[in-house]
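Shown below: protein.txt, with compact mmCIF, C-alpha atoms and all ligand atoms.
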# COMPACT_ATOMS: atom_id res chain seq x y z
CA MET A 577 149.11 -109.82 -11.27
CA THR A 578 150.60 -111.04 -7.98
CA SER A 579 150.63 -108.34 -5.32
CA HIS A 580 153.66 -107.87 -3.15
CA LEU A 581 151.68 -105.86 -0.59
CA MET A 582 150.65 -107.36 2.74
CA ASN A 583 147.03 -108.31 2.68
CA THR A 584 145.69 -105.82 5.24
CA TYR A 585 143.12 -103.82 3.25
CA LYS A 586 139.92 -104.71 1.46
CA ARG A 587 140.12 -102.21 -1.38
CA TRP A 588 137.57 -101.05 -3.95
CA PRO A 589 138.66 -101.82 -7.53
CA VAL A 590 139.32 -98.24 -8.56
CA GLU A 591 142.51 -96.24 -8.84
CA PHE A 592 142.55 -92.47 -8.63
CA GLU A 593 145.03 -90.42 -10.58
CA SER A 594 144.22 -86.83 -9.72
CA GLY A 595 141.84 -84.62 -7.79
CA ARG A 596 140.67 -81.04 -7.53
CA GLY A 597 138.47 -79.77 -4.73
CA CYS A 598 135.75 -82.38 -4.11
CA LYS A 599 136.35 -84.10 -7.45
CA LEU A 600 138.54 -87.13 -8.11
CA PHE A 601 139.47 -88.67 -11.46
CA ASP A 602 140.31 -92.34 -11.93
CA THR A 603 142.85 -93.80 -14.34
CA GLY A 604 140.11 -94.13 -16.97
CA GLY A 605 139.26 -90.42 -16.70
CA LYS A 606 135.93 -91.00 -14.92
CA GLU A 607 134.93 -88.21 -12.49
CA TYR A 608 133.83 -88.84 -8.89
CA LEU A 609 132.38 -86.64 -6.15
CA ASP A 610 134.37 -87.29 -2.97
CA LEU A 611 132.06 -87.33 0.05
CA ILE A 612 134.55 -89.13 2.31
CA GLY A 613 137.65 -86.98 1.75
CA GLY A 614 140.28 -89.67 2.33
CA LEU A 615 138.62 -90.58 5.65
CA ALA A 616 138.10 -87.06 7.02
CA VAL A 617 141.60 -86.00 5.97
CA MET A 618 141.14 -83.80 2.89
CA SER A 619 139.19 -80.97 4.54
CA LEU A 620 140.39 -78.44 1.96
CA GLY A 621 139.66 -80.82 -0.90
CA HIS A 622 142.24 -82.22 -3.28
CA SER A 623 145.11 -80.09 -4.60
CA HIS A 624 144.16 -76.95 -2.69
CA PRO A 625 146.44 -74.31 -4.30
CA LYS A 626 147.53 -72.85 -0.96
CA VAL A 627 148.53 -76.25 0.48
CA VAL A 628 150.21 -77.35 -2.75
CA ALA A 629 152.24 -74.12 -2.81
CA ALA A 630 153.24 -74.45 0.85
CA ILE A 631 154.41 -78.04 0.33
CA ALA A 632 156.32 -77.28 -2.88
CA ASP A 633 157.90 -74.14 -1.48
CA GLN A 634 159.06 -75.83 1.73
CA ALA A 635 160.29 -78.94 -0.11
CA GLN A 636 162.51 -76.73 -2.24
CA ARG A 637 163.95 -75.04 0.84
CA LEU A 638 164.38 -77.77 3.47
CA VAL A 639 162.67 -81.09 4.19
CA HIS A 640 164.33 -82.63 7.24
CA VAL A 641 166.99 -81.81 9.82
CA SER A 642 165.68 -83.88 12.80
CA ASN A 643 164.69 -82.69 16.26
CA LEU A 644 168.31 -82.17 17.25
CA TYR A 645 167.78 -78.57 16.10
CA SER A 646 165.13 -75.86 16.57
CA THR A 647 162.51 -75.39 13.90
CA ARG A 648 160.68 -72.08 13.54
CA LEU A 649 157.80 -73.80 11.75
CA GLN A 650 157.16 -76.11 14.73
CA GLU A 651 157.02 -73.09 17.04
CA ASP A 652 154.64 -71.31 14.66
CA LEU A 653 152.27 -74.27 14.39
CA ALA A 654 152.38 -74.95 18.14
CA SER A 655 151.56 -71.31 18.77
CA ARG A 656 148.57 -71.46 16.37
CA LEU A 657 147.33 -74.63 18.05
CA ALA A 658 147.77 -73.09 21.50
CA SER A 659 145.59 -70.16 20.43
CA ILE A 660 142.63 -72.48 19.65
CA SER A 661 143.16 -74.91 22.56
CA SER A 662 143.36 -72.68 25.68
CA GLY A 663 147.15 -72.55 25.62
CA LYS A 664 148.07 -76.21 25.28
CA LEU A 665 151.62 -77.34 24.42
CA SER A 666 152.30 -79.55 21.38
CA PHE A 667 154.22 -82.74 20.72
CA PHE A 668 154.34 -83.45 16.98
CA CYS A 669 154.32 -86.97 15.55
CA ASN A 670 153.16 -88.61 12.33
CA SER A 671 149.77 -90.24 12.80
CA GLY A 672 146.71 -90.51 14.98
CA ALA A 673 147.90 -93.67 16.71
CA GLU A 674 151.21 -92.01 17.56
CA ALA A 675 149.39 -89.03 19.07
CA ILE A 676 147.43 -91.48 21.28
CA GLU A 677 150.67 -93.27 22.27
CA CYS A 678 152.14 -89.92 23.29
CA ALA A 679 149.03 -89.13 25.36
CA LEU A 680 149.20 -92.53 27.11
CA LYS A 681 152.89 -92.08 27.96
CA LEU A 682 152.36 -88.48 29.09
CA VAL A 683 149.56 -89.35 31.53
CA ARG A 684 151.69 -92.17 32.98
CA ARG A 685 154.59 -89.78 33.44
CA TRP A 686 152.28 -87.24 35.05
CA SER A 687 150.33 -89.54 37.35
CA GLY A 688 153.09 -91.74 38.74
CA PRO A 689 153.19 -95.48 39.54
CA ASP A 690 150.08 -95.63 41.78
CA ARG A 691 147.73 -94.23 39.19
CA ARG A 692 148.12 -96.41 36.13
CA ARG A 693 144.61 -97.33 35.02
CA VAL A 694 143.07 -95.81 31.88
CA ILE A 695 139.34 -95.87 31.21
CA ALA A 696 138.17 -95.92 27.59
CA ALA A 697 134.84 -96.56 25.88
CA ALA A 698 133.37 -99.61 24.22
CA GLY A 699 133.19 -99.10 20.45
CA ALA A 700 136.00 -96.52 20.53
CA PHE A 701 138.67 -96.38 17.84
CA HIS A 702 142.07 -94.95 18.74
CA GLY A 703 144.46 -96.61 16.25
CA ARG A 704 146.33 -99.84 15.52
CA THR A 705 149.65 -99.69 17.39
CA LEU A 706 149.63 -101.86 20.50
CA GLY A 707 148.91 -99.08 23.02
CA ALA A 708 146.27 -97.44 20.83
CA LEU A 709 144.79 -100.87 20.06
CA THR A 710 144.48 -101.59 23.79
CA VAL A 711 142.36 -98.49 24.39
CA THR A 712 140.34 -99.15 21.22
CA GLY A 713 137.05 -100.69 22.34
CA GLN A 714 136.56 -103.23 19.54
CA PRO A 715 137.30 -106.84 20.59
CA SER A 716 137.37 -108.11 16.98
CA LYS A 717 140.37 -105.87 16.24
CA GLN A 718 142.08 -106.79 19.54
CA GLU A 719 141.62 -110.55 20.02
CA PRO A 720 144.27 -111.81 17.55
CA PHE A 721 146.94 -109.62 19.16
CA ARG A 722 146.57 -110.28 22.89
CA PRO A 723 148.16 -109.80 25.35
CA LEU A 724 147.73 -106.04 25.16
CA LEU A 725 148.62 -103.35 27.75
CA PRO A 726 147.46 -104.04 31.31
CA GLY A 727 145.30 -101.56 33.23
CA VAL A 728 142.76 -100.53 30.61
CA THR A 729 139.04 -100.68 31.47
CA HIS A 730 136.30 -100.26 28.88
CA ILE A 731 132.92 -98.85 29.85
CA PRO A 732 129.78 -98.32 27.73
CA TYR A 733 129.93 -95.02 25.77
CA ASP A 734 127.55 -92.21 26.66
CA ASP A 735 126.81 -93.78 30.06
CA ALA A 736 127.82 -91.32 32.80
CA GLY A 737 126.78 -93.76 35.54
CA ALA A 738 129.19 -96.41 34.23
CA LEU A 739 131.98 -93.84 34.17
CA GLU A 740 131.23 -92.78 37.73
CA ASP A 741 131.32 -96.43 38.88
CA ALA A 742 134.62 -97.13 37.08
CA LEU A 743 136.49 -94.05 38.31
CA ASP A 744 138.76 -94.50 41.31
CA ASP A 745 141.95 -92.97 42.66
CA ASP A 746 144.02 -95.47 40.63
CA VAL A 747 142.76 -93.97 37.34
CA ALA A 748 145.30 -91.82 35.52
CA ALA A 749 143.02 -90.81 32.69
CA VAL A 750 139.71 -91.18 30.92
CA LEU A 751 140.05 -91.29 27.12
CA LEU A 752 137.01 -90.49 24.97
CA GLU A 753 136.09 -89.49 21.43
CA PRO A 754 133.65 -86.54 21.57
CA ILE A 755 131.83 -88.30 18.72
CA GLN A 756 132.75 -91.92 17.98
CA GLY A 757 133.78 -91.86 14.32
CA GLU A 758 134.70 -95.40 13.28
CA ALA A 759 131.90 -96.85 15.43
CA GLY A 760 129.51 -95.12 13.01
CA VAL A 761 129.39 -91.44 14.01
CA VAL A 762 127.90 -92.04 17.45
CA VAL A 763 126.96 -88.68 18.97
CA PRO A 764 126.63 -88.79 22.78
CA SER A 765 124.09 -86.87 24.89
CA ASP A 766 124.88 -83.16 25.29
CA ASP A 767 125.74 -83.56 28.96
CA TYR A 768 128.05 -86.60 28.60
CA LEU A 769 131.35 -84.75 28.17
CA PRO A 770 130.53 -82.09 30.81
CA ILE A 771 129.72 -84.84 33.32
CA ALA A 772 132.88 -86.76 32.34
CA ARG A 773 134.88 -83.57 32.92
CA LYS A 774 133.33 -83.10 36.37
CA LEU A 775 133.87 -86.75 37.37
CA CYS A 776 137.53 -86.59 36.28
CA ASP A 777 138.06 -83.44 38.33
CA GLU A 778 136.48 -85.06 41.38
CA SER A 779 138.66 -88.17 41.15
CA GLY A 780 141.85 -86.34 40.18
CA SER A 781 142.02 -88.12 36.80
CA LEU A 782 142.94 -86.48 33.51
CA LEU A 783 140.50 -86.20 30.62
CA ILE A 784 142.02 -87.07 27.22
CA LEU A 785 139.91 -86.38 24.14
CA ASP A 786 140.64 -88.10 20.84
CA GLU A 787 139.72 -85.43 18.26
CA ILE A 788 141.74 -87.10 15.52
CA GLN A 789 138.64 -87.39 13.33
CA THR A 790 136.42 -84.66 14.80
CA GLY A 791 139.00 -81.87 15.15
CA VAL A 792 140.25 -79.09 12.86
CA GLY A 793 136.77 -77.72 12.17
CA ARG A 794 135.05 -80.84 10.88
CA THR A 795 132.03 -80.62 13.21
CA GLY A 796 131.55 -76.86 12.87
CA ARG A 797 133.88 -75.83 15.71
CA TRP A 798 137.67 -76.15 15.85
CA PHE A 799 137.23 -79.01 18.32
CA ALA A 800 134.03 -81.03 18.69
CA SER A 801 134.36 -80.54 22.45
CA ASP A 802 133.92 -76.77 21.87
CA HIS A 803 130.21 -77.52 21.31
CA THR A 804 130.03 -78.63 24.96
CA GLY A 805 132.24 -76.04 26.66
CA VAL A 806 134.51 -78.82 27.96
CA THR A 807 138.27 -78.26 28.09
CA PRO A 808 140.22 -81.53 28.14
CA ASP A 809 143.64 -81.87 29.81
CA VAL A 810 145.05 -83.63 26.75
CA VAL A 811 143.72 -83.72 23.18
CA CYS A 812 144.95 -85.56 20.10
CA LEU A 813 144.66 -84.30 16.52
CA ALA A 814 145.82 -85.84 13.27
CA LYS A 815 143.83 -86.61 10.12
CA ALA A 816 142.90 -83.22 8.59
CA LEU A 817 145.66 -81.14 10.12
CA ALA A 818 148.28 -81.23 7.34
CA GLY A 819 146.10 -81.43 4.22
CA GLY A 820 146.90 -85.10 3.53
CA LEU A 821 150.50 -85.29 4.75
CA PRO A 822 151.18 -87.56 7.72
CA ILE A 823 150.93 -85.70 11.01
CA GLY A 824 149.75 -86.20 14.56
CA VAL A 825 149.85 -83.92 17.55
CA CYS A 826 149.32 -84.52 21.23
CA LEU A 827 148.27 -81.25 22.88
CA ALA A 828 148.40 -80.97 26.66
CA ASP A 829 147.72 -78.39 29.31
CA PRO A 830 151.10 -76.96 30.42
CA ARG A 831 150.54 -78.34 33.94
CA VAL A 832 150.37 -81.88 32.47
CA ALA A 833 152.84 -81.40 29.60
CA GLY A 834 155.41 -80.35 32.19
CA ALA A 835 155.71 -84.00 33.28
CA PHE A 836 157.77 -84.78 30.16
CA ARG A 837 161.53 -84.21 30.39
CA PRO A 838 164.04 -84.20 27.52
CA GLY A 839 164.51 -87.79 26.41
CA ASP A 840 161.09 -89.03 27.61
CA HIS A 841 159.53 -89.08 24.16
CA ALA A 842 160.67 -88.48 20.60
CA SER A 843 159.93 -88.98 16.91
CA THR A 844 162.46 -88.88 14.08
CA PHE A 845 160.00 -87.48 11.52
CA GLY A 846 157.70 -85.65 13.95
CA GLY A 847 157.46 -81.93 13.32
CA GLY A 848 159.10 -82.19 9.90
CA ALA A 849 159.30 -78.91 8.00
CA VAL A 850 157.05 -79.91 5.08
CA GLN A 851 154.26 -81.21 7.35
CA MET A 852 154.49 -78.07 9.50
CA ALA A 853 154.30 -75.78 6.47
CA ALA A 854 151.33 -77.74 5.12
CA ALA A 855 149.49 -77.59 8.46
CA LEU A 856 150.05 -73.83 8.75
CA ALA A 857 148.64 -73.42 5.23
CA VAL A 858 145.65 -75.60 6.16
CA LEU A 859 144.84 -73.49 9.24
CA ASP A 860 145.26 -70.27 7.23
CA ALA A 861 142.96 -71.49 4.47
CA ILE A 862 140.31 -72.73 6.92
CA GLU A 863 140.29 -69.29 8.53
CA GLU A 864 140.38 -67.27 5.30
CA GLU A 865 137.60 -69.30 3.72
CA GLY A 866 135.44 -69.40 6.86
CA LEU A 867 135.25 -73.20 6.68
CA VAL A 868 134.51 -73.90 10.35
CA GLN A 869 131.37 -71.78 10.05
CA ARG A 870 130.62 -73.36 6.68
CA ALA A 871 130.75 -76.87 8.21
CA ALA A 872 128.40 -75.75 10.98
CA GLU A 873 125.85 -74.32 8.54
CA ALA A 874 125.99 -76.61 5.53
CA GLY A 875 126.13 -79.84 7.53
CA THR A 876 122.40 -79.44 8.18
CA ARG A 877 121.76 -79.43 4.40
CA LEU A 878 123.40 -82.85 4.21
CA ILE A 879 121.48 -84.21 7.21
CA ARG A 880 118.16 -82.89 5.87
CA GLY A 881 118.85 -84.44 2.46
CA LEU A 882 119.78 -87.82 3.91
CA ASN A 883 116.65 -87.86 6.06
CA ALA A 884 114.58 -87.18 2.93
CA ILE A 885 116.25 -90.12 1.15
CA PHE A 886 116.10 -92.77 3.85
CA GLY A 887 113.03 -91.67 5.81
CA PRO A 888 112.14 -94.23 8.46
CA ARG A 889 114.68 -96.77 7.10
CA ALA A 890 117.64 -94.97 8.70
CA GLU A 891 118.73 -92.89 11.65
CA VAL A 892 120.68 -89.92 10.29
CA ARG A 893 123.06 -88.25 12.74
CA GLY A 894 126.22 -86.21 13.02
CA LYS A 895 127.57 -82.71 13.50
CA GLY A 896 128.82 -80.34 10.86
CA PHE A 897 130.40 -82.36 8.05
CA LEU A 898 130.75 -85.61 10.00
CA VAL A 899 127.52 -87.38 9.20
CA ALA A 900 126.16 -90.91 8.97
CA ALA A 901 123.01 -92.83 8.15
CA GLU A 902 122.48 -95.99 10.18
CA LEU A 903 120.28 -98.22 8.04
CA ASP A 904 117.78 -100.72 9.40
CA ALA A 905 119.60 -103.58 7.59
CA ASP A 906 123.16 -104.56 6.64
CA LEU A 907 123.13 -102.60 3.38
CA ALA A 908 125.95 -100.08 3.90
CA ARG A 909 128.36 -101.97 1.65
CA ASP A 910 125.77 -102.28 -1.13
CA VAL A 911 125.06 -98.55 -0.91
CA THR A 912 128.78 -97.71 -0.96
CA SER A 913 129.41 -99.99 -3.90
CA ALA A 914 126.46 -98.70 -5.96
CA ALA A 915 127.42 -95.09 -5.17
CA LEU A 916 130.99 -95.73 -6.33
CA GLU A 917 129.61 -97.16 -9.56
CA LYS A 918 127.65 -93.91 -10.04
CA GLY A 919 130.65 -91.73 -9.24
CA VAL A 920 130.07 -90.78 -5.59
CA LEU A 921 132.44 -91.83 -2.78
CA VAL A 922 130.98 -92.63 0.63
CA ASN A 923 132.17 -95.11 3.27
CA ASP A 924 130.58 -98.12 4.95
CA ALA A 925 131.88 -97.47 8.48
CA THR A 926 130.01 -100.54 9.75
CA PRO A 927 127.73 -103.05 7.97
CA ARG A 928 124.77 -100.73 8.71
CA VAL A 929 126.35 -97.30 8.73
CA VAL A 930 127.08 -95.17 5.67
CA ARG A 931 129.49 -92.39 6.67
CA LEU A 932 130.08 -89.04 4.95
CA ALA A 933 132.99 -86.71 5.76
CA PRO A 934 133.24 -84.48 2.70
CA PRO A 935 135.85 -81.77 2.24
CA LEU A 936 134.72 -78.63 4.11
CA VAL A 937 134.99 -76.73 0.81
CA ILE A 938 132.08 -78.65 -0.71
CA THR A 939 129.50 -76.36 -2.39
CA ASP A 940 125.71 -76.51 -2.02
CA GLU A 941 125.50 -77.69 -5.65
CA GLU A 942 127.92 -80.53 -4.96
CA ILE A 943 125.98 -81.52 -1.84
CA ASP A 944 122.74 -81.57 -3.85
CA HIS A 945 124.34 -83.61 -6.64
CA GLY A 946 125.70 -86.12 -4.09
CA LEU A 947 122.27 -86.40 -2.46
CA ALA A 948 120.54 -86.90 -5.83
CA VAL A 949 122.91 -89.79 -6.65
CA LEU A 950 122.52 -91.33 -3.19
CA GLY A 951 118.74 -91.09 -3.64
CA GLU A 952 118.97 -93.11 -6.89
CA VAL A 953 121.35 -95.57 -5.23
CA TRP A 954 118.98 -96.11 -2.30
CA ARG A 955 115.97 -96.68 -4.61
CA GLU A 956 117.98 -99.43 -6.37
CA VAL A 957 119.49 -101.02 -3.28
CA SER A 958 116.30 -100.98 -1.21
CA ALA A 959 114.28 -102.45 -4.09
CA ALA A 960 116.73 -105.32 -4.71
C1 LIG A 1001 141.87 -92.40 12.35
C2 LIG A 1001 141.74 -92.36 13.82
C3 LIG A 1001 142.80 -92.77 14.66
C4 LIG A 1001 144.07 -93.39 14.14
O1 LIG A 1001 144.78 -92.56 13.29
P1 LIG A 1001 145.97 -93.19 12.37
O2 LIG A 1001 146.57 -91.98 11.74
O3 LIG A 1001 145.33 -94.13 11.40
O4 LIG A 1001 146.90 -93.89 13.29
C5 LIG A 1001 142.63 -92.63 16.03
N1 LIG A 1001 141.51 -92.13 16.55
C6 LIG A 1001 140.47 -91.73 15.78
C7 LIG A 1001 139.25 -91.16 16.42
C8 LIG A 1001 140.55 -91.86 14.39
O5 LIG A 1001 139.51 -91.49 13.63
Just dump the structure as structure tokens.
Amino acid sequence: MTSHLMNTYKRWPVEFESGRGCKLFDTGGKEYLDLIGGLAVMSLGHSHPKVVAAIADQAQRLVHVSNLYSTRLQEDLASRLASISSGKLSFFCNSGAEAIECALKLVRRWSGPDRRRVIAAAGAFHGRTLGALTVTGQPSKQEPFRPLLPGVTHIPYDDAGALEDALDDDVAAVLLEPIQGEAGVVVPSDDYLPIARKLCDESGSLLILDEIQTGVGRTGRWFASDHTGVTPDVVCLAKALAGGLPIGVCLADPRVAGAFRPGDHASTFGGGAVQMAAALAVLDAIEEEGLVQRAAEAGTRLIRGLNAIFGPRAEVRGKGFLVAAELDADLARDVTSAALEKGVLVNDATPRVVRLAPPLVITDEEIDHGLAVLGEVWREVSAA
């Protein structure tokens, strides 16, 4: 059949029809264990009753009125987010890339015309719109679309010396992922973010953290930066926040957020009632079910299991339920494909890196089942 979709995705030949918790069912009725959770989005699993009810209930009441009018639900969500982010103010949008665009505009507004440069990290992923693509540190994704934004410098990740050398009084902001997700779950040294924070303070630059993948409890704290004690000036969230509905939020310290005036930034769909209701339900459920703590504790079960499977053939790393195995050969696609065949969903983040970001509601039994299948898969793939 001819497809009328633009050819932008390389998709696996499977179509899912329904899901429940960590399980997905394809159109043939075959069951799968979802260890990637829609790319770190479905933290409460599929069809979580609380999120489903919040969406259905709000959809029956009111879906959209635009940002011409006040919305109680936006205030409620912003207040919840402020309570976990040392009092930051929210701008709601619809995706990770949009949250990054908002952060880039906000720091320009704040810093003025003499401080325009932004420093980002090699290997970073921040999204596909032109601004977000510019700060993304992956030349293969950027080359076909040049020219990009001026004034962006990339430095090696987890290299405090390189950051110190690059910082100057023309730098508006330093933008970092606390763990690089798309690059293959690259976890920096414990002192990297604290040093980055100190260097930014010394040079008068802002620190923006992209917690689009790592935030909302995934790594065992609300924000991955909470592991380090670092408070950023600006932080972006998206993926897991609204239980699978499109959302993004740029959170900023009031001192910085105050640079925006009415008319400076806007989004037609941003802060929509259904997304807000879903996000509030997600935060409630994460709290009620103790899922941040669960990610912190059970993530080690996953890491231990993966180490037992791959042994010296892989470096296993991650925090909480954001985990990866970097293989010693380009076998990540073979592993992903064979696992799919056997009913387990993982992701080949790079040719060598198999990434896992399961729903935070995953049980010990499900983890053990996933590991048993991945063990079989690895025996096959490594013997071939
Ligand atoms: C997914 C992701 C983005 C982009 O989010 P979109 O919603 O796809 O625009 C940006 N930064 C990080 C760290 C991500 O993981």
Within 8 Å of ligand LIG 1001 (chain A), counting all atoms listed in the file: which residues, as a ChimeraX atom specification? /A:615,670-676,700-705,708,753,756-758,786-790,814-815,822-824
Against region 829-846 of chain A, which residues of region 648-735 of chain A fall within 9 Å? For each one I want the closest pair of atoms and the distance in Å (one decimal), counting all atoms listed in the file, rows by chain and increasing residue number, as JSON lines.
{"residue": "A:Ser661", "atom": "CA", "partner": "A:Asp829", "partner_atom": "CA", "distance": 8.9}
{"residue": "A:Ser662", "atom": "CA", "partner": "A:Asp829", "partner_atom": "CA", "distance": 8.0}
{"residue": "A:Gly663", "atom": "CA", "partner": "A:Asp829", "partner_atom": "CA", "distance": 6.9}
{"residue": "A:Lys664", "atom": "CA", "partner": "A:Asp829", "partner_atom": "CA", "distance": 4.6}
{"residue": "A:Leu665", "atom": "CA", "partner": "A:Pro830", "partner_atom": "CA", "distance": 6.0}
{"residue": "A:Ser666", "atom": "CA", "partner": "A:Ala833", "partner_atom": "CA", "distance": 8.4}
{"residue": "A:Phe667", "atom": "CA", "partner": "A:Gly846", "partner_atom": "CA", "distance": 8.1}
{"residue": "A:Phe668", "atom": "CA", "partner": "A:Gly846", "partner_atom": "CA", "distance": 5.0}
{"residue": "A:Cys669", "atom": "CA", "partner": "A:Gly846", "partner_atom": "CA", "distance": 4.0}
{"residue": "A:Asn670", "atom": "CA", "partner": "A:Gly846", "partner_atom": "CA", "distance": 5.7}
{"residue": "A:Cys678", "atom": "CA", "partner": "A:His841", "partner_atom": "CA", "distance": 7.5}
{"residue": "A:Lys681", "atom": "CA", "partner": "A:His841", "partner_atom": "CA", "distance": 8.2}
{"residue": "A:Leu682", "atom": "CA", "partner": "A:Phe836", "partner_atom": "CA", "distance": 6.6}
{"residue": "A:Val683", "atom": "CA", "partner": "A:Val832", "partner_atom": "CA", "distance": 7.6}
{"residue": "A:Arg685", "atom": "CA", "partner": "A:Ala835", "partner_atom": "CA", "distance": 5.9}
{"residue": "A:Trp686", "atom": "CA", "partner": "A:Ala835", "partner_atom": "CA", "distance": 5.0}
{"residue": "A:Ser687", "atom": "CA", "partner": "A:Ala835", "partner_atom": "CA", "distance": 8.7}
To one decimal place in Å, what is the distance between CA of Leu921 (chain A) and CA of Leu611 (chain A)?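 Distance between the two atoms: 5.3 Å.
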What's the separation between CA of Leu709 (chain A) and CA of Ala679 (chain A), in Å to one decimal place?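 Computing the Euclidean distance for CA of Leu709 (chain A) and CA of Ala679 (chain A) yields 13.6 Å.
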For Gly946 (chain A), which of A:Leu878, A:Arg889, A:Leu903, A:Leu783 is the closest residue, counting only C-alpha atoms? A:Leu878
Which of these, A:Leu775, A:Leu620, A:Val949, A:Leu916, has the shortest distance to Gly737 (chain A) once you count only C-alpha atoms? A:Leu775
What does the structure give for the distance between CA of Gly848 (chain A) and CA of Cys826 (chain A), in Å to one decimal?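 Computing the Euclidean distance for CA of Gly848 (chain A) and CA of Cys826 (chain A) yields 15.1 Å.
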